[in-house]
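Structure file entry30.csv (CSV, C-alpha atoms) follows.
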chain,number,residue,atom,x,y,z
A,1392,MET,CA,-28.2,18.1,35.9
A,1393,ALA,CA,-27.0,15.0,34.1
A,1394,SER,CA,-27.1,11.9,36.2
A,1395,ALA,CA,-24.6,9.1,36.3
A,1396,SER,CA,-26.9,6.9,34.4
A,1397,ALA,CA,-26.9,9.3,31.5
A,1398,LYS,CA,-23.1,8.8,31.2
A,1399,LYS,CA,-22.4,7.4,27.7
A,1400,ILE,CA,-20.6,4.2,27.3
A,1401,ARG,CA,-17.2,4.7,25.7
A,1402,PRO,CA,-15.6,3.6,23.5
A,1403,LYS,CA,-18.6,3.0,21.3
A,1404,TYR,CA,-18.2,0.3,18.7
A,1405,LEU,CA,-20.4,0.8,15.6
A,1406,SER,CA,-22.4,-1.8,13.9
A,1407,LEU,CA,-21.7,-2.7,10.2
A,1408,PRO,CA,-25.0,-1.2,9.0
A,1409,ALA,CA,-24.3,2.0,10.9
A,1410,LEU,CA,-20.9,2.1,9.3
A,1411,LEU,CA,-22.3,1.5,5.8
A,1412,PHE,CA,-25.5,3.5,5.8
A,1413,GLU,CA,-25.7,6.0,8.6
A,1414,ILE,CA,-22.3,7.6,8.7
A,1415,ARG,CA,-21.8,10.3,6.1
A,1416,LEU,CA,-18.1,10.9,5.6
A,1417,PRO,CA,-16.7,14.2,4.5
A,1418,VAL,CA,-14.3,14.1,1.5
A,1419,PRO,CA,-11.1,14.0,3.7
A,1420,GLY,CA,-12.8,11.0,5.5
A,1421,TRP,CA,-13.2,9.2,2.2
A,1422,VAL,CA,-9.5,9.8,1.3
A,1423,SER,CA,-8.6,8.4,4.7
A,1424,ILE,CA,-10.6,5.2,4.6
A,1425,LEU,CA,-9.6,4.6,0.9
A,1426,HIS,CA,-6.0,5.1,2.0
A,1427,ARG,CA,-6.5,2.4,4.6
A,1428,ILE,CA,-8.3,0.0,2.3
A,1429,SER,CA,-5.8,0.5,-0.6
A,1430,GLY,CA,-3.0,0.0,1.9
A,1431,ALA,CA,-4.4,-3.3,3.1
A,1432,LEU,CA,-5.0,-4.5,-0.4
A,1433,LEU,CA,-1.5,-3.6,-1.4
A,1434,PHE,CA,0.0,-5.5,1.5
A,1435,PHE,CA,-2.2,-8.5,0.6
A,1436,PRO,CA,-2.6,-9.8,-2.0
A,1437,PHE,CA,-0.9,-7.3,-4.3
A,1438,VAL,CA,2.7,-7.5,-3.0
A,1439,ALA,CA,2.6,-11.3,-3.5
A,1440,TRP,CA,1.1,-10.8,-7.0
A,1441,VAL,CA,3.7,-8.3,-8.1
A,1442,LEU,CA,6.5,-10.5,-6.8
A,1443,TYR,CA,5.1,-13.4,-8.8
A,1444,LEU,CA,5.0,-11.2,-11.9
A,1445,LEU,CA,8.5,-9.9,-11.3
A,1446,ASP,CA,9.8,-13.5,-10.6
A,1447,THR,CA,8.3,-15.0,-13.7
A,1448,SER,CA,9.1,-12.1,-16.1
A,1449,LEU,CA,12.8,-12.1,-15.0
A,1450,ALA,CA,13.3,-15.8,-14.8
A,1451,SER,CA,13.4,-16.5,-18.5
A,1452,GLU,CA,12.4,-15.1,-21.9
A,1453,GLN,CA,9.5,-17.6,-22.1
A,1454,GLY,CA,8.3,-16.4,-18.7
A,1455,PHE,CA,8.5,-12.7,-19.9
A,1456,ASP,CA,6.5,-13.5,-23.0
A,1457,TYR,CA,4.0,-15.5,-21.1
A,1458,ILE,CA,3.3,-12.7,-18.6
A,1459,ARG,CA,3.3,-10.0,-21.3
A,1460,ASN,CA,1.3,-11.7,-24.1
A,1461,ARG,CA,-0.9,-14.2,-22.4
A,1462,TYR,CA,-1.2,-13.7,-18.6
A,1463,LEU,CA,-1.8,-9.9,-18.8
A,1464,ALA,CA,-4.4,-10.5,-21.6
A,1465,LEU,CA,-6.7,-12.5,-19.3
A,1466,PRO,CA,-9.8,-10.4,-18.4
A,1467,LEU,CA,-9.7,-11.2,-14.7
A,1468,VAL,CA,-6.0,-10.4,-14.6
A,1469,LYS,CA,-6.6,-7.0,-16.3
A,1470,LEU,CA,-9.4,-6.3,-13.8
A,1471,GLY,CA,-7.1,-7.2,-10.9
A,1472,MET,CA,-4.3,-5.0,-12.4
A,1473,LEU,CA,-6.7,-2.1,-12.5
A,1474,VAL,CA,-7.5,-2.5,-8.8
A,1475,PHE,CA,-3.8,-2.8,-8.1
A,1476,ILE,CA,-2.9,0.3,-10.1
A,1477,TRP,CA,-5.7,2.3,-8.4
A,1478,SER,CA,-4.7,1.1,-5.0
A,1479,TYR,CA,-1.1,2.1,-5.6
A,1480,CYS,CA,-1.9,5.5,-7.2
A,1481,HIS,CA,-4.5,6.5,-4.5
A,1482,HIS,CA,-2.2,5.4,-1.7
A,1483,PHE,CA,0.7,7.3,-3.3
A,1484,CYS,CA,-1.3,10.5,-3.7
A,1485,ALA,CA,-3.1,10.4,-0.4
A,1486,GLY,CA,0.3,9.5,1.3
A,1487,ILE,CA,1.9,12.7,-0.1
A,1488,ARG,CA,-1.1,14.7,1.1
A,1489,TYR,CA,-0.5,13.3,4.6
A,1490,LEU,CA,3.2,14.1,4.5
A,1491,LEU,CA,2.3,17.7,3.6
A,1492,LEU,CA,-0.4,17.8,6.4
A,1493,ASP,CA,2.3,16.6,8.8
A,1494,LEU,CA,4.4,19.6,7.8
A,1495,ASP,CA,1.3,21.8,8.6
A,1496,LEU,CA,0.7,22.4,4.9
A,1497,GLY,CA,-3.0,22.6,3.8
A,1498,VAL,CA,-4.5,22.0,7.2
A,1499,ASP,CA,-7.3,24.6,7.1
A,1500,LEU,CA,-10.7,23.1,6.2
A,1501,LYS,CA,-11.1,24.7,2.7
A,1502,THR,CA,-7.7,23.6,1.5
A,1503,ALA,CA,-8.0,20.2,3.2
A,1504,ARG,CA,-11.2,19.6,1.3
A,1505,LEU,CA,-9.7,20.8,-2.0
A,1506,THR,CA,-6.6,18.6,-1.7
A,1507,SER,CA,-8.9,15.6,-0.8
A,1508,TRP,CA,-10.7,16.1,-4.1
A,1509,ILE,CA,-7.4,16.5,-5.9
A,1510,VAL,CA,-6.2,13.2,-4.4
A,1511,ILE,CA,-9.3,11.3,-5.4
A,1512,VAL,CA,-9.3,12.6,-8.9
A,1513,ALA,CA,-5.6,12.2,-9.4
A,1514,GLY,CA,-5.8,8.6,-8.3
A,1515,LEU,CA,-8.5,7.9,-10.8
A,1516,LEU,CA,-6.7,9.8,-13.6
A,1517,LEU,CA,-3.4,8.0,-13.0
A,1518,THR,CA,-5.3,4.7,-12.9
A,1519,ALA,CA,-6.8,5.5,-16.3
A,1520,PHE,CA,-3.4,6.5,-17.7
A,1521,PHE,CA,-1.5,3.4,-16.5
A,1522,GLY,CA,-4.5,1.2,-17.1
A,1523,ALA,CA,-4.6,2.4,-20.8
A,1524,LYS,CA,-1.0,1.2,-21.2
A,1525,LEU,CA,-2.1,-2.3,-20.2
A,1526,TRP,CA,-4.6,-2.5,-23.0
B,242,MET,CA,0.4,4.2,31.2
B,243,LYS,CA,-1.1,0.8,30.5
B,244,ARG,CA,1.0,-1.0,28.0
B,245,LEU,CA,-0.3,-3.9,25.9
B,246,VAL,CA,1.9,-6.7,24.5
B,247,VAL,CA,0.1,-6.3,21.3
B,248,GLY,CA,0.1,-2.5,21.3
B,249,ALA,CA,2.5,-0.2,19.5
B,250,HIS,CA,5.7,1.3,20.8
B,251,TYR,CA,4.0,4.3,22.4
B,252,GLY,CA,6.3,6.7,20.8
B,253,LEU,CA,7.4,8.7,17.8
B,254,ARG,CA,9.6,6.0,16.3
B,255,ASP,CA,7.1,4.0,14.2
B,256,TRP,CA,5.2,7.1,13.1
B,257,LEU,CA,8.4,8.7,11.9
B,258,ALA,CA,9.6,5.4,10.3
B,259,GLN,CA,6.4,5.1,8.4
B,260,ARG,CA,6.9,8.6,6.9
B,261,ILE,CA,10.6,8.1,6.1
B,262,THR,CA,10.0,4.7,4.4
B,263,ALA,CA,7.1,6.3,2.5
B,264,ALA,CA,9.4,9.0,1.1
B,265,ILE,CA,12.0,6.4,0.1
B,266,MET,CA,9.3,4.3,-1.7
B,267,ALA,CA,7.9,7.5,-3.4
B,268,VAL,CA,11.3,8.3,-4.9
B,269,TYR,CA,11.8,4.7,-6.1
B,270,THR,CA,8.3,4.8,-7.6
B,271,LEU,CA,9.0,8.0,-9.6
B,272,ILE,CA,12.3,6.6,-10.9
B,273,MET,CA,10.6,3.3,-11.8
B,274,ALA,CA,7.7,5.0,-13.5
B,275,GLY,CA,10.1,7.2,-15.5
B,276,ILE,CA,12.1,4.1,-16.7
B,277,CYS,CA,9.0,2.2,-17.6
B,278,LEU,CA,7.5,5.1,-19.6
B,279,LYS,CA,10.7,5.8,-21.4
B,280,GLY,CA,12.2,2.4,-22.1
B,281,SER,CA,11.2,-0.2,-24.6
B,282,PHE,CA,9.6,-3.2,-23.0
B,283,THR,CA,11.6,-6.2,-24.1
B,284,TYR,CA,12.9,-9.1,-22.1
B,285,GLY,CA,16.5,-8.0,-22.7
B,286,ALA,CA,15.9,-4.4,-21.5
B,287,TRP,CA,13.9,-5.7,-18.5
B,288,LYS,CA,16.6,-8.2,-17.5
B,289,ASP,CA,19.4,-5.7,-18.0
B,290,LEU,CA,17.6,-3.2,-15.8
B,291,PHE,CA,17.5,-5.6,-12.9
B,292,ALA,CA,21.0,-6.9,-13.6
B,293,GLN,CA,22.5,-3.5,-12.6
B,294,GLY,CA,23.9,-3.2,-9.1
B,295,TRP,CA,22.2,0.1,-8.2
B,296,MET,CA,18.8,-1.2,-9.3
B,297,ARG,CA,19.2,-4.3,-7.2
B,298,VAL,CA,20.2,-2.3,-4.2
B,299,ALA,CA,17.4,0.3,-4.8
B,300,THR,CA,14.8,-2.5,-5.1
B,301,LEU,CA,16.1,-4.1,-1.9
B,302,LEU,CA,15.9,-0.7,-0.2
B,303,PHE,CA,12.3,-0.4,-1.5
B,304,ALA,CA,11.5,-3.9,-0.2
B,305,ALA,CA,13.0,-3.1,3.3
B,306,SER,CA,11.1,0.2,3.4
B,307,LEU,CA,7.9,-1.6,2.4
B,308,ALA,CA,8.4,-4.2,5.1
B,309,TRP,CA,8.7,-1.6,7.8
B,310,HIS,CA,6.0,0.7,6.4
B,311,ALA,CA,3.5,-2.2,6.0
B,312,TRP,CA,4.2,-3.5,9.4
B,313,VAL,CA,3.3,-0.2,11.0
B,314,GLY,CA,0.2,0.2,8.8
B,315,VAL,CA,-1.1,-3.3,9.2
B,316,ARG,CA,-0.6,-3.3,12.9
B,317,ASP,CA,-2.5,0.0,13.1
B,318,ILE,CA,-5.4,-1.7,11.3
B,319,LEU,CA,-5.3,-4.7,13.6
B,320,MET,CA,-5.2,-2.5,16.7
B,321,ASP,CA,-8.3,-0.7,15.4
B,322,TYR,CA,-10.4,-3.6,14.4
B,323,VAL,CA,-9.3,-6.8,16.2
B,324,ARG,CA,-10.0,-6.5,19.9
B,325,PRO,CA,-9.3,-9.9,21.5
B,326,ASP,CA,-5.5,-9.9,22.4
B,327,GLY,CA,-5.0,-13.6,21.4
B,328,VAL,CA,-6.5,-13.1,18.0
B,329,ARG,CA,-4.6,-9.9,17.5
B,330,LEU,CA,-1.3,-11.5,18.5
B,331,THR,CA,-1.9,-14.4,16.1
B,332,LEU,CA,-2.7,-12.1,13.2
B,333,GLN,CA,0.4,-10.0,14.0
B,334,VAL,CA,2.6,-13.0,13.9
B,335,LEU,CA,1.1,-14.1,10.6
B,336,VAL,CA,1.7,-10.6,9.2
B,337,LEU,CA,5.3,-10.7,10.3
B,338,LEU,CA,5.8,-14.1,8.7
B,339,LEU,CA,4.3,-12.9,5.5
B,340,ILE,CA,6.5,-9.8,5.5
B,341,ALA,CA,9.6,-12.0,6.1
B,342,SER,CA,8.6,-14.2,3.2
B,343,TYR,CA,8.1,-11.2,0.9
B,344,VAL,CA,11.6,-9.9,1.7
B,345,GLY,CA,13.1,-13.4,1.2
B,346,TRP,CA,11.4,-13.8,-2.1
B,347,THR,CA,12.5,-10.4,-3.3
B,348,VAL,CA,16.2,-11.2,-2.4
B,349,GLN,CA,15.8,-14.5,-4.3
B,350,ILE,CA,14.4,-12.8,-7.4
B,351,LEU,CA,17.1,-10.1,-7.4
B,352,TRP,CA,20.2,-12.3,-6.8
B,353,ARG,CA,19.3,-15.4,-8.6
Spit out the file's structure as structure tokens when you get a sec.
Amino acid sequence: MASASAKKIRPKYLSLPALLFEIRLPVPGWVSILHRISGALLFFPFVAWVLYLLDTSLASEQGFDYIRNRYLALPLVKLGMLVFIWSYCHHFCAGIRYLLLDLDLGVDLKTARLTSWIVIVAGLLLTAFFGAKLW
Amino acid sequence: MKRLVVGAHYGLRDWLAQRITAAIMAVYTLIMAGICLKGSFTYGAWKDLFAQGWMRVATLLFAASLAWHAWVGVRDILMDYVRPDGVRLTLQVLVLLLIASYVGWTVQILWR
């Protein structure tokens, strides 16, 4: 019989290397962690950034032209915008999946895996679509 | 039940609020995406869009939803990864201050 000393310590906190290299996430797990990462990024810094863009572009015609023709043309800004667009699109799509799961829709394994793939692909396609408008 | 000062509300309220605010923001997002894809992107059109009463109110509703939604979400993240209570409380206060400044800035932009 299992002795008391064999009792596992819980909760178990994982090391960073274990998180990065040992754990193999299934697709719904990837959707979940990406939903969290994109949500954190959207909260900071992207809300502040979008407010800056909104503020400057609405304040004056010069501000609008500056944002549109010069600021958004900077390579680093474009890269940042791509990350922002992906974060928003992925968070949006994954969020809708979670709302449906809360309503007991698509809960069985096969459907859950399929919808996870759909979310990941849709997030990337939407990013490509809106990203292309930026160029 | 053991209740932590830096814990959640141990109930359905925040969970439900996060979902309702998500739905509000999703509707706003679709409307905004439709406007941006359809309209011409000039300063005049942009300014006129945000000069309309309904757009200002809708944007404020979005900001309020975002504030509540993000508070629940960021607090969940802090509860998962930040274990010392003092550090967690400090970060929660900073997050609340940031949310308050976001909302303040939004109001300033909309009703300038």
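Among the candidates A:Arg1415, A:His1426, A:Arg1401, A:Lys1469, the residue lying nearest to Gly1514 in chain A is A:His1426 (atoms considered: all atoms listed in the file).
Between CA of Arg260 in chain B and CA of Val334 in chain B there is a distance of 23.1 Å.
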For chain A, work out the contacting residues on chain B at 8 Å, counting only C-alpha atoms, and write them as an NGL selection string. :B and (260 or 263 or 267 or 284 or 287-288 or 311 or 314-315 or 318 or 343 or 346-347 or 350)
Can you work out the spacing between CA of Arg254 in chain B and CA of Asp1495 in chain A in Å, to one decimal? 19.4 Å
Residue nearest Ile1458 in chain A among A:Leu1525, A:Leu1505, A:Leu1432, A:Leu1515 (counting all atoms listed in the file): A:Leu1525
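Our summary of the geometry notes that CA of Ser1478 in chain A is positioned 8.7 Å from CA of Thr1518 in chain A.
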Pick out the residues sitting within 10 Å of Thr1506 in chain A, and hand them over as a ChimeraX atom specification; count only C-alpha atoms, and ignore anything fewer than 2 positions along from it in its own chain. /A:1418-1419,1422,1484-1485,1488,1497-1498,1500-1504,1508-1512
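Each of B:Leu351, B:Ile276, B:Leu319, B:Ala264 was checked against Gln293 in chain B using only C-alpha atoms; the smallest atom-to-atom distance is that of B:Leu351.
Here the question is which of A:Leu1411, A:Leu1494, A:Val1441, A:Leu1463 gets nearest to Phe1475 in chain A using all atoms listed in the file, and that residue is A:Val1441.
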If I only have part of range 1411-1431 of chain A, can you fill in N, CA, C and O atoms and write it as a PDB file, keeping the file's coordinate frame?
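Contents of part.pdb, as written:
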ATOM      1  N   LEU A1411     -22.041   1.465   7.253  1.00  0.00           N
ATOM      2  CA  LEU A1411     -22.300   1.500   5.800  1.00  0.00           C
ATOM      3  C   LEU A1411     -23.334   2.563   5.428  1.00  0.00           C
ATOM      4  O   LEU A1411     -23.216   3.231   4.402  1.00  0.00           O
ATOM      5  N   PHE A1412     -24.399   2.699   6.268  1.00  0.00           N
ATOM      6  CA  PHE A1412     -25.500   3.500   5.800  1.00  0.00           C
ATOM      7  C   PHE A1412     -25.828   4.742   6.594  1.00  0.00           C
ATOM      8  O   PHE A1412     -26.544   5.616   6.126  1.00  0.00           O
ATOM      9  N   GLU A1413     -25.336   4.841   7.826  1.00  0.00           N
ATOM     10  CA  GLU A1413     -25.700   6.000   8.600  1.00  0.00           C
ATOM     11  C   GLU A1413     -24.638   7.087   8.640  1.00  0.00           C
ATOM     12  O   GLU A1413     -24.950   8.258   8.734  1.00  0.00           O
ATOM     13  N   ILE A1414     -23.386   6.647   8.568  1.00  0.00           N
ATOM     14  CA  ILE A1414     -22.300   7.600   8.700  1.00  0.00           C
ATOM     15  C   ILE A1414     -22.041   8.280   7.330  1.00  0.00           C
ATOM     16  O   ILE A1414     -21.819   7.587   6.338  1.00  0.00           O
ATOM     17  N   ARG A1415     -22.121   9.584   7.278  1.00  0.00           N
ATOM     18  CA  ARG A1415     -21.800  10.300   6.100  1.00  0.00           C
ATOM     19  C   ARG A1415     -20.419  10.907   6.212  1.00  0.00           C
ATOM     20  O   ARG A1415     -20.222  11.819   6.998  1.00  0.00           O
ATOM     21  N   LEU A1416     -19.474  10.387   5.446  1.00  0.00           N
ATOM     22  CA  LEU A1416     -18.100  10.900   5.600  1.00  0.00           C
ATOM     23  C   LEU A1416     -17.882  12.131   4.758  1.00  0.00           C
ATOM     24  O   LEU A1416     -18.367  12.219   3.632  1.00  0.00           O
ATOM     25  N   PRO A1417     -17.164  13.109   5.293  1.00  0.00           N
ATOM     26  CA  PRO A1417     -16.700  14.200   4.500  1.00  0.00           C
ATOM     27  C   PRO A1417     -15.603  13.750   3.533  1.00  0.00           C
ATOM     28  O   PRO A1417     -15.051  12.670   3.751  1.00  0.00           O
ATOM     29  N   VAL A1418     -15.290  14.519   2.492  1.00  0.00           N
ATOM     30  CA  VAL A1418     -14.300  14.100   1.500  1.00  0.00           C
ATOM     31  C   VAL A1418     -12.971  13.643   2.139  1.00  0.00           C
ATOM     32  O   VAL A1418     -12.432  12.596   1.769  1.00  0.00           O
ATOM     33  N   PRO A1419     -12.402  14.425   3.079  1.00  0.00           N
ATOM     34  CA  PRO A1419     -11.100  14.000   3.700  1.00  0.00           C
ATOM     35  C   PRO A1419     -11.302  12.613   4.374  1.00  0.00           C
ATOM     36  O   PRO A1419     -10.357  11.809   4.409  1.00  0.00           O
ATOM     37  N   GLY A1420     -12.502  12.322   4.874  1.00  0.00           N
ATOM     38  CA  GLY A1420     -12.800  11.000   5.500  1.00  0.00           C
ATOM     39  C   GLY A1420     -12.718   9.911   4.451  1.00  0.00           C
ATOM     40  O   GLY A1420     -12.212   8.820   4.713  1.00  0.00           O
ATOM     41  N   TRP A1421     -13.237  10.192   3.259  1.00  0.00           N
ATOM     42  CA  TRP A1421     -13.200   9.200   2.200  1.00  0.00           C
ATOM     43  C   TRP A1421     -11.734   8.935   1.758  1.00  0.00           C
ATOM     44  O   TRP A1421     -11.351   7.792   1.542  1.00  0.00           O
ATOM     45  N   VAL A1422     -10.950  10.012   1.641  1.00  0.00           N
ATOM     46  CA  VAL A1422      -9.500   9.800   1.300  1.00  0.00           C
ATOM     47  C   VAL A1422      -8.868   8.950   2.339  1.00  0.00           C
ATOM     48  O   VAL A1422      -8.105   8.032   2.022  1.00  0.00           O
ATOM     49  N   SER A1423      -9.212   9.188   3.596  1.00  0.00           N
ATOM     50  CA  SER A1423      -8.600   8.400   4.700  1.00  0.00           C
ATOM     51  C   SER A1423      -8.951   6.963   4.657  1.00  0.00           C
ATOM     52  O   SER A1423      -8.064   6.106   4.716  1.00  0.00           O
ATOM     53  N   ILE A1424     -10.243   6.651   4.540  1.00  0.00           N
ATOM     54  CA  ILE A1424     -10.600   5.200   4.600  1.00  0.00           C
ATOM     55  C   ILE A1424     -10.152   4.525   3.309  1.00  0.00           C
ATOM     56  O   ILE A1424      -9.757   3.356   3.340  1.00  0.00           O
ATOM     57  N   LEU A1425     -10.147   5.243   2.173  1.00  0.00           N
ATOM     58  CA  LEU A1425      -9.600   4.600   0.900  1.00  0.00           C
ATOM     59  C   LEU A1425      -8.131   4.405   1.031  1.00  0.00           C
ATOM     60  O   LEU A1425      -7.588   3.448   0.465  1.00  0.00           O
ATOM     61  N   HIS A1426      -7.437   5.302   1.739  1.00  0.00           N
ATOM     62  CA  HIS A1426      -6.000   5.100   2.000  1.00  0.00           C
ATOM     63  C   HIS A1426      -5.755   3.841   2.756  1.00  0.00           C
ATOM     64  O   HIS A1426      -4.848   3.063   2.451  1.00  0.00           O
ATOM     65  N   ARG A1427      -6.603   3.607   3.739  1.00  0.00           N
ATOM     66  CA  ARG A1427      -6.500   2.400   4.600  1.00  0.00           C
ATOM     67  C   ARG A1427      -6.811   1.150   3.772  1.00  0.00           C
ATOM     68  O   ARG A1427      -6.073   0.165   3.814  1.00  0.00           O
ATOM     69  N   ILE A1428      -7.932   1.201   3.030  1.00  0.00           N
ATOM     70  CA  ILE A1428      -8.300   0.000   2.300  1.00  0.00           C
ATOM     71  C   ILE A1428      -7.295  -0.299   1.180  1.00  0.00           C
ATOM     72  O   ILE A1428      -6.887  -1.450   1.012  1.00  0.00           O
ATOM     73  N   SER A1429      -6.829   0.739   0.475  1.00  0.00           N
ATOM     74  CA  SER A1429      -5.800   0.500  -0.600  1.00  0.00           C
ATOM     75  C   SER A1429      -4.541  -0.036   0.033  1.00  0.00           C
ATOM     76  O   SER A1429      -3.886  -0.911  -0.533  1.00  0.00           O
ATOM     77  N   GLY A1430      -4.177   0.478   1.220  1.00  0.00           N
ATOM     78  CA  GLY A1430      -3.000   0.000   1.900  1.00  0.00           C
ATOM     79  C   GLY A1430      -3.072  -1.471   2.244  1.00  0.00           C
ATOM     80  O   GLY A1430      -2.145  -2.257   2.018  1.00  0.00           O
ATOM     81  N   ALA A1431      -4.224  -1.854   2.779  1.00  0.00           N
ATOM     82  CA  ALA A1431      -4.400  -3.300   3.100  1.00  0.00           C
ATOM     83  C   ALA A1431      -4.364  -4.146   1.913  1.00  0.00           C
ATOM     84  O   ALA A1431      -3.736  -5.214   1.917  1.00  0.00           O
TER      85      ALA A1431
END
